[in-house]
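Q: My structure is in final36.csv, and what it holds is CSV, C-alpha atoms:
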chain,number,residue,atom,x,y,z
A,19,MET,CA,25.6,3.6,-3.2
A,20,SER,CA,26.5,2.3,-6.6
A,21,ARG,CA,25.2,3.7,-9.8
A,22,LYS,CA,23.2,0.5,-10.3
A,23,THR,CA,21.2,1.0,-7.0
A,24,LYS,CA,17.5,0.9,-7.6
A,25,PHE,CA,15.1,2.8,-5.3
A,26,CYS,CA,11.6,2.1,-4.2
A,27,LEU,CA,8.6,4.0,-2.9
A,28,VAL,CA,7.1,3.4,0.5
A,29,GLY,CA,3.3,3.8,0.8
A,30,ALA,CA,2.3,6.7,3.0
A,31,THR,CA,-0.6,4.8,4.6
A,32,SER,CA,0.5,1.2,4.4
A,33,GLY,CA,4.2,1.7,5.2
A,34,GLU,CA,4.9,-1.1,2.7
A,35,LEU,CA,7.0,-1.0,-0.5
A,36,LEU,CA,4.8,-0.2,-3.5
A,37,THR,CA,4.2,-2.9,-6.0
A,38,TYR,CA,2.2,-3.4,-9.1
A,39,GLN,CA,0.8,-6.9,-10.0
A,40,GLY,CA,3.1,-8.4,-7.4
A,41,LYS,CA,6.2,-6.7,-8.8
A,42,LEU,CA,8.2,-4.2,-6.8
A,43,LEU,CA,8.2,-0.8,-8.5
A,44,VAL,CA,11.8,0.4,-8.9
A,45,HIS,CA,13.6,3.4,-10.4
A,46,GLY,CA,17.3,4.2,-10.7
A,47,ASP,CA,17.2,7.9,-10.0
A,48,LYS,CA,16.3,8.9,-6.4
A,49,ARG,CA,16.0,12.6,-7.3
A,50,GLU,CA,13.4,11.8,-10.0
A,51,LEU,CA,11.3,9.8,-7.5
A,52,GLU,CA,11.5,12.7,-5.1
A,53,TYR,CA,10.2,15.1,-7.8
A,54,LEU,CA,7.4,12.8,-9.0
A,55,PHE,CA,6.3,11.7,-5.5
A,56,PRO,CA,7.1,14.5,-3.1
A,57,GLY,CA,6.6,13.5,0.5
A,58,LEU,CA,6.8,9.8,0.0
A,59,ARG,CA,9.7,7.9,1.6
A,60,ILE,CA,12.2,6.5,-0.8
A,61,VAL,CA,14.4,3.6,0.1
A,62,PRO,CA,17.1,1.5,-1.7
A,63,LYS,CA,15.6,-1.8,-3.1
A,64,PRO,CA,15.9,-4.6,-0.7
A,65,GLY,CA,18.0,-7.5,-2.0
A,66,TYR,CA,15.2,-10.1,-1.2
A,67,TYR,CA,12.9,-8.8,-4.0
A,68,ALA,CA,13.5,-10.7,-7.3
A,69,GLU,CA,10.4,-9.6,-9.2
A,70,THR,CA,10.6,-5.9,-10.1
A,71,MET,CA,9.0,-3.5,-12.6
A,72,GLU,CA,10.7,-0.3,-13.7
A,73,LEU,CA,8.6,2.7,-12.8
A,74,LYS,CA,8.7,3.8,-16.5
A,75,ASP,CA,6.9,0.5,-17.4
A,76,HIS,CA,4.0,1.1,-15.1
A,77,PRO,CA,0.8,1.8,-17.2
A,78,ASP,CA,0.1,5.1,-15.4
A,79,MET,CA,3.6,6.4,-16.3
A,80,ASP,CA,3.3,5.9,-20.1
A,81,THR,CA,3.0,9.6,-20.7
A,82,VAL,CA,6.0,10.6,-18.6
A,83,LYS,CA,9.3,11.0,-20.5
A,84,PHE,CA,12.5,9.9,-18.9
A,85,PRO,CA,15.1,11.1,-18.0
A,86,LEU,CA,13.2,14.0,-16.4
A,87,GLU,CA,16.1,16.3,-16.5
A,88,ARG,CA,16.0,16.4,-20.3
A,89,ASN,CA,12.2,16.4,-20.5
A,90,MET,CA,11.1,19.0,-17.9
A,91,ASP,CA,9.0,20.8,-20.5
A,92,GLN,CA,6.4,18.0,-20.1
A,93,PHE,CA,5.5,19.5,-16.7
A,94,ARG,CA,5.1,23.1,-17.8
A,95,VAL,CA,1.6,24.4,-18.2
A,96,PRO,CA,1.2,26.4,-21.4
A,97,ARG,CA,0.5,30.1,-20.9
A,98,ARG,CA,-2.8,31.4,-21.9
A,99,LYS,CA,-3.0,34.0,-24.6
Written as structure tokens, how would this file's structure read?
A:
Amino acid sequence: MSRKTKFCLVGATSGELLTYQGKLLVHGDKRELEYLFPGLRIVPKPGYYAETMELKDHPDMDTVKFPLERNMDQFRVPRRK
């Protein structure tokens, strides 16, 4: 797959590609999707979807910093003193 391949999540119950406000949620890093959504099926974006939204632009993802590899500290729980 090319570097420009986008990936999508498949809903666990619906079996449908996940969308938000009619736009297909896409992300360019399959490993990041696997980390953020373990257990969900991830597939390459089908060519027939024109309207897309980057996962980072979804309102529920506004606190997540990308790329994850450089921002893994956001997932660490502070130790209690």
Q: What is the atom CA of A:Phe84-atom CA of A:Tyr67 distance in Å, reported with one decimal?
A: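 Going from atom CA of A:Phe84 over to atom CA of A:Tyr67 covers 23.9 Å.
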Q: What is the distance between atom CA of A:Pro56 and atom CA of A:Cys26, in Å to one decimal?
A: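 About the pair atom CA of A:Pro56 and atom CA of A:Cys26: they are 13.2 Å apart.
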Q: Restricting the calculation to only C-alpha atoms, which member of A:Asp91, A:Asp47, A:Leu58, A:Tyr53 is positioned closest to A:Leu73?
A: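 Selected residue with least distance to A:Leu73: A:Asp47.
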Q: Which residue out of A:Lys83, A:Pro64, A:Glu34, A:Gly29 has the minimum interatomic distance to A:Glu50 when only C-alpha atoms are used?
A: A:Lys83
Q: Enter the distance from atom CA of A:Met71 to atom CA of A:Gly40, in Å, rounded to one decimal.
A: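 Separation between atom CA of A:Met71 and atom CA of A:Gly40: 9.3 Å.
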Q: Nearest to A:Asp78: which of A:Leu27, A:Tyr38, A:Lys22, A:Arg49 is it, counting all atoms listed in the file?
A: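 Smallest distance to A:Asp78 is found for A:Tyr38.
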Q: For a cutoff of 12 Å around the file-coordinate point (2.5, 1.8, -13.2), which residues qualify once you count all atoms listed in the file? I'd like the result as a list in words.
A: Leu36, Thr37, Tyr38, Gln39, Gly40, Lys41, Leu42, Leu43, Val44, His45, Thr70, Met71, Glu72, Leu73, Lys74, Asp75, His76, Pro77, Asp78, Met79, Asp80, Thr81 and Val82 of chain A
Q: Would you be able to write out as a PyMOL selection string which residues have an atom within 7 Å of (17.5, -0.8, -2.1) in the file's coordinates, counting only C-alpha atoms?
A: chain A and resi 23-26+61-65
Q: Please return stretch 52-69 of chain A, rebuilt to N, CA and C atoms, as a short mmCIF file (atom, residue, chain, number, x, y, z; two decimals), in the coordinates of the input.
A:
data_model
loop_
_atom_site.label_atom_id
_atom_site.label_comp_id
_atom_site.auth_asym_id
_atom_site.auth_seq_id
_atom_site.Cartn_x
_atom_site.Cartn_y
_atom_site.Cartn_z
N GLU A 52 11.83 11.63 -5.99
CA GLU A 52 11.50 12.70 -5.10
C GLU A 52 10.69 13.79 -5.76
N TYR A 53 10.99 14.06 -7.02
CA TYR A 53 10.20 15.10 -7.80
C TYR A 53 8.84 14.59 -8.10
N LEU A 54 8.73 13.36 -8.57
CA LEU A 54 7.40 12.80 -9.00
C LEU A 54 6.51 12.50 -7.82
N PHE A 55 7.08 12.12 -6.69
CA PHE A 55 6.30 11.70 -5.50
C PHE A 55 6.78 12.41 -4.27
N PRO A 56 6.59 13.74 -4.21
CA PRO A 56 7.10 14.50 -3.10
C PRO A 56 6.38 14.01 -1.78
N GLY A 57 7.15 13.91 -0.74
CA GLY A 57 6.60 13.50 0.50
C GLY A 57 6.59 12.03 0.81
N LEU A 58 6.76 11.21 -0.22
CA LEU A 58 6.80 9.80 0.00
C LEU A 58 8.24 9.38 0.39
N ARG A 59 8.34 8.38 1.24
CA ARG A 59 9.70 7.90 1.60
C ARG A 59 10.22 7.05 0.51
N ILE A 60 11.50 7.20 0.24
CA ILE A 60 12.20 6.50 -0.80
C ILE A 60 13.33 5.71 -0.18
N VAL A 61 13.42 4.43 -0.50
CA VAL A 61 14.40 3.60 0.10
C VAL A 61 15.15 2.78 -0.99
N PRO A 62 16.40 2.34 -0.73
CA PRO A 62 17.10 1.50 -1.70
C PRO A 62 16.30 0.12 -1.77
N LYS A 63 16.33 -0.49 -2.93
CA LYS A 63 15.60 -1.80 -3.10
C LYS A 63 16.27 -2.84 -2.25
N PRO A 64 15.43 -3.51 -1.47
CA PRO A 64 15.90 -4.60 -0.70
C PRO A 64 16.39 -5.78 -1.57
N GLY A 65 17.42 -6.46 -1.18
CA GLY A 65 18.00 -7.50 -2.00
C GLY A 65 17.04 -8.75 -2.12
N TYR A 66 16.08 -8.89 -1.22
CA TYR A 66 15.20 -10.10 -1.20
C TYR A 66 14.11 -10.02 -2.29
N TYR A 67 13.94 -8.90 -2.96
CA TYR A 67 12.90 -8.80 -4.00
C TYR A 67 13.51 -9.20 -5.35
N ALA A 68 12.99 -10.27 -5.95
CA ALA A 68 13.50 -10.70 -7.30
C ALA A 68 12.64 -10.12 -8.37
N GLU A 69 11.33 -10.08 -8.17
CA GLU A 69 10.40 -9.60 -9.20
C GLU A 69 10.25 -8.08 -9.08
#
